[in-house]
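What follows is a short report on a single structure.
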Amino acid sequence: MNINNVLKEYFGYDSFRRGQEELIQGVIDGNDVLGIMPTSGGKSLCYQIPSLVTKGTTLVISPLISLMKDQVDALTEVGISATYINSTLTSLQLNERLQNIKEDKYELIYIAPERLNHQGFINLIKNIDIPFIAIDESHCISKWGHDFRPSYREIPKFISNLETRPVIGAYTATATEEIIEDIKDLLNLQEPKEVITGFDRENLFFKVENNIDKRSFILNYIKKRNDESGIIYCSTRKEVESLGSFLNDKRYHASIYHGGMNKEDREKAQHSFIYDESPIMVATNAFGMGIDKSNVRYVIHYNIPQSMEAYYQEAGRAGRDGEDSECILLFSPQDVVKQKFLIGESHVNPERASIAYKNLQYLVDYCYSHDCLRGKILEYFGEVDVIDKCDNCSNCTIERELKDVTIEAQKILSCVYRMNEKFGTTVVAQVLNGSKNKKVLNFNLDNLSTYGLMDNYTEKDIKNIIAMLISQGYLSLTESKFPVVRLTPTSKKVLKGNEKVYMAVDIFKENTSSSDNYY
Ligand code: ADP
């Protein structure tokens, strides 16, 4: 059957989205493919349609258990025989499915990567015809990304054990250069047909709110939103629970979802959100992977996530139906400290940790940036024609009062210079502020000419200016748990008075963001 007919007949769509047709045709023609599309770009069809057009069974490797079930249910509904194999099955279900596989009953089999090297599965698969393997979320193979899964590294071994090498399709929403190289290399893609569609999601409005009282902001925001669906992401389970009860106390119908809840409660929460019984979902990043709810009108990040990739993926769950939607990041510097702590805890390997710090820093820079936010996002994903002004983000549309902070910047840069670029943000701020902190005194930093040079500013204000200088590239941070502030080639221009520095007033003002027990 012609692929346009399959699209219409099985999926009910009239035309392909950008990139879909080439990726589908590539597989049908027997080429490996690499599809890079933003979240909700329509990657699933790129492997589902070839599976219907080619003979044999397509294996879809996916790390997302909830996605497997949703997709299999949706496919079954339109008369396509599909199944999934993962750890949620009872042994009775598993045996039944394995028997069906043996009898060649499925067009698509979704499988979790951990299963691939089970000898029983390998033996079974050897006896059926697998012309095509689709590797969803293929960035999970790379250590550079935010989502590395060691089991993905086992995929090439599994493939090489098959009698005939199938066509391989790799799909991801991540497009940084290192990760793309890793995918091609580690999966041994052979001259893949690469399709990178634009990363821009035009219907999403991006906004950063700096130093605000987060809970008041959320109350005001959801009041205006009536019963529209929205997700509020928090970085910890504790924060999810506390914000969830706060909203419920204020008589808003909010569900909560995090990895520490039992399966039944999680399913219940997910169900009431998806079916619009409760419009608000307060969740950790455990929620949402593979959830295809089209009418999410806003995604608010209560805390900064660990990377731009994670942010864009989570924020991208808004507006899957193409309607206008908002993505708001509530920024507070304390959250960065928390994330750094979590990175330090979760990465023993120094190389991994340093990548994680770098990834976080890009997002911090995004929050302090005065430039077009959409442009910053697209620049991160390596888009060539980066926009200067999108007119659909808070930096492009909201008049922000800018303060000339050139003098302050010069004082900070010379202080970093005099401290021999050996200290972190806090100590630099303390020296400028004239603090009598032990570390300052122990290192005799009170003898420096820049000591107390900004004693009319609080330490927090100085740290905010330093963070802005980092985001604008006038300073840099080393990538470690205790990063050191360094000068950059552009520092000189400011020191010599050849470049002026401006800062948005809302970044500059005193942080009033609430703590957990604020209310
Ligand atoms: P991704 O995996 O890239 O995040 P999905 O494959 O889940 O995205 O697709 C996102 C949504 O877009 C789904 O609801 C899907 O049915 C829809 N979709 C995909 N392709 C098309 C198309 N050609 N026309 C209209 N809708 C589409």
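Each chain in the structure tokens gets a letter, A, B and so on, in the order shown; residues start at 1 in every chain, and ligands are counted from 1 in the order they appear.
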Q) How would you write, as a count of residues only, the set of residues no farther than 8 Å from ligand 1 when counting only C-alpha atoms and all ligand atoms? A) 27
Q: Looking only at strand (DSSP E) from DSSP on the backbone, list the matching residues of range 13-158 of chain A as a list of chain:residue names.
A: A:Val33, A:Leu34, A:Gly35, A:Ile36, A:Thr58, A:Leu59, A:Val60, A:Ile61, A:Ala82, A:Thr83, A:Tyr84, A:Ile85, A:Leu108, A:Ile109, A:Tyr110, A:Ile111, A:Phe132, A:Ile133, A:Ala134, A:Ile135
With C-alpha atoms retained, could you export that selection as a CSV table (one decimal), in the first residue's frame?
```
chain,number,residue,atom,x,y,z
A,33,VAL,CA,17.8,6.6,8.9
A,34,LEU,CA,18.4,9.1,11.6
A,35,GLY,CA,15.4,11.2,12.4
A,36,ILE,CA,15.9,14.3,14.5
A,58,THR,CA,9.4,-4.3,13.2
A,59,LEU,CA,11.1,-4.1,16.6
A,60,VAL,CA,10.8,-0.8,18.4
A,61,ILE,CA,13.3,-0.3,21.2
A,82,ALA,CA,1.3,-4.8,18.0
A,83,THR,CA,2.5,-5.7,21.5
A,84,TYR,CA,5.1,-4.8,24.0
A,85,ILE,CA,7.5,-6.7,26.2
A,108,LEU,CA,5.3,-4.3,15.7
A,109,ILE,CA,6.9,-5.4,18.9
A,110,TYR,CA,7.9,-2.7,21.4
A,111,ILE,CA,10.7,-3.8,23.7
A,132,PHE,CA,13.6,-3.2,10.6
A,133,ILE,CA,14.6,-2.1,14.0
A,134,ALA,CA,13.5,1.4,15.3
A,135,ILE,CA,15.4,2.9,18.1
```
**Q.** Close residues, Tyr312 in chain A itself excluded, 8 Å, only C-alpha atoms, min 4 positions apart in chain, as an NGL selection string
**A.** :A and (308 or 316 or 377)
Export of the given selection (C-alpha atoms) as a JSON list (two decimals), in the first residue's frame:
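Generated output (again_25.json):
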```json
[["chain", "number", "residue", "atom", "x", "y", "z"],
["A", 308, "MET", "CA", 18.29, 22.69, 28.16],
["A", 316, "GLY", "CA", 7.52, 20.86, 24.75],
["A", 377, "ILE", "CA", 17.02, 27.45, 22.62]]
```
Q: Can you list, as a VMD selection string, all residues belonging to range 456-502 of chain A that DSSP tags as helix (DSSP H, G or I)?
A: chain A and resid 459 to 471 491 to 495
Those residues you just picked out, can you put them in a file as an mmCIF file, in the first residue's frame with N, CA and C atoms?
```cif
data_model
loop_
_atom_site.group_PDB
_atom_site.id
_atom_site.type_symbol
_atom_site.label_atom_id
_atom_site.label_comp_id
_atom_site.auth_asym_id
_atom_site.auth_seq_id
_atom_site.Cartn_x
_atom_site.Cartn_y
_atom_site.Cartn_z
ATOM 1 N N GLU A 459 25.584 40.734 49.231
ATOM 2 C CA GLU A 459 26.312 39.635 48.589
ATOM 3 C C GLU A 459 25.446 39.025 47.484
ATOM 4 N N LYS A 460 24.136 38.909 47.762
ATOM 5 C CA LYS A 460 23.210 38.315 46.793
ATOM 6 C C LYS A 460 23.150 39.129 45.506
ATOM 7 N N ASP A 461 23.083 40.462 45.642
ATOM 8 C CA ASP A 461 23.049 41.326 44.460
ATOM 9 C C ASP A 461 24.301 41.117 43.618
ATOM 10 N N ILE A 462 25.436 41.083 44.313
ATOM 11 C CA ILE A 462 26.701 40.926 43.565
ATOM 12 C C ILE A 462 26.704 39.585 42.844
ATOM 13 N N LYS A 463 26.206 38.551 43.545
ATOM 14 C CA LYS A 463 26.169 37.223 42.907
ATOM 15 C C LYS A 463 25.249 37.244 41.687
ATOM 16 N N ASN A 464 24.169 37.977 41.774
ATOM 17 C CA ASN A 464 23.262 38.085 40.623
ATOM 18 C C ASN A 464 23.948 38.755 39.443
ATOM 19 N N ILE A 465 24.728 39.798 39.744
ATOM 20 C CA ILE A 465 25.426 40.468 38.627
ATOM 21 C C ILE A 465 26.469 39.512 38.036
ATOM 22 N N ILE A 466 27.155 38.782 38.918
ATOM 23 C CA ILE A 466 28.158 37.828 38.407
ATOM 24 C C ILE A 466 27.482 36.792 37.495
ATOM 25 N N ALA A 467 26.324 36.276 37.946
ATOM 26 C CA ALA A 467 25.617 35.270 37.140
ATOM 27 C C ALA A 467 25.244 35.843 35.780
ATOM 28 N N MET A 468 24.804 37.115 35.779
ATOM 29 C CA MET A 468 24.447 37.745 34.507
ATOM 30 C C MET A 468 25.702 37.879 33.634
ATOM 31 N N LEU A 469 26.826 38.256 34.264
ATOM 32 C CA LEU A 469 28.069 38.403 33.478
ATOM 33 C C LEU A 469 28.478 37.071 32.863
ATOM 34 N N ILE A 470 28.237 36.006 33.607
ATOM 35 C CA ILE A 470 28.550 34.674 33.068
ATOM 36 C C ILE A 470 27.637 34.384 31.870
ATOM 37 N N SER A 471 26.339 34.675 32.067
ATOM 38 C CA SER A 471 25.406 34.355 30.972
ATOM 39 C C SER A 471 25.683 35.184 29.727
ATOM 40 N N SER A 491 36.071 39.915 28.551
ATOM 41 C CA SER A 491 36.192 40.690 29.799
ATOM 42 C C SER A 491 36.982 41.972 29.546
ATOM 43 N N LYS A 492 38.015 41.839 28.722
ATOM 44 C CA LYS A 492 38.925 42.962 28.453
ATOM 45 C C LYS A 492 38.189 44.185 27.936
ATOM 46 N N LYS A 493 37.260 43.934 26.999
ATOM 47 C CA LYS A 493 36.525 45.051 26.383
ATOM 48 C C LYS A 493 35.821 45.878 27.448
ATOM 49 N N VAL A 494 35.263 45.181 28.443
ATOM 50 C CA VAL A 494 34.547 45.891 29.508
ATOM 51 C C VAL A 494 35.543 46.604 30.413
ATOM 52 N N LEU A 495 36.628 45.913 30.740
ATOM 53 C CA LEU A 495 37.632 46.509 31.626
ATOM 54 C C LEU A 495 38.227 47.775 31.012
#
```
Q. Out of A:Arg165, A:Lys340, A:Lys223, A:Arg486, which residue has the shortest atom-to-atom distance to Gly473 in chain A when counting only C-alpha atoms?
A.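 Between A:Arg165, A:Lys340, A:Lys223, A:Arg486, the residue approaching Gly473 in chain A most closely is A:Arg486.
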**Q.** Proximity to Asp391 in chain A - best of A:Ser435, A:Gln190, A:Asn203, A:Thr425, only C-alpha atoms
**A.** A:Asn203
Q. Counting only C-alpha atoms, what is within 7 Å of Pro113 in chain A, bar same-chain residues fewer than 2 positions away, as a list of chain:residue names?
A.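 Near neighbours after the sequence-gap exclusion: A:Ile61, A:Ser62, A:Pro63, A:Ile111, A:Arg115, A:Leu116, A:Ser151, A:Tyr152.
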Keeping only N, CA and C atoms, take the residues you just selected and write them out as a CSV table (one decimal), in the first residue's frame.
```csv
chain,number,residue,atom,x,y,z
A,61,ILE,N,12.6,-0.3,19.9
A,61,ILE,CA,13.3,-0.3,21.2
A,61,ILE,C,13.0,1.1,21.8
A,62,SER,N,12.4,1.0,23.0
A,62,SER,CA,12.0,2.3,23.6
A,62,SER,C,12.2,2.1,25.1
A,63,PRO,N,12.7,3.2,25.8
A,63,PRO,CA,12.9,3.2,27.2
A,63,PRO,C,11.6,3.5,28.0
A,111,ILE,N,9.9,-3.1,22.7
A,111,ILE,CA,10.7,-3.8,23.7
A,111,ILE,C,11.6,-2.8,24.5
A,115,ARG,N,15.7,-5.8,27.9
A,115,ARG,CA,15.2,-7.2,27.5
A,115,ARG,C,16.1,-7.8,26.4
A,116,LEU,N,16.7,-7.0,25.7
A,116,LEU,CA,17.3,-7.4,24.4
A,116,LEU,C,18.3,-8.6,24.6
A,151,SER,N,21.9,0.4,29.2
A,151,SER,CA,21.3,-0.7,28.4
A,151,SER,C,21.3,-0.4,26.9
A,152,TYR,N,21.3,0.9,26.5
A,152,TYR,CA,21.3,1.2,25.1
A,152,TYR,C,22.6,0.8,24.4
```
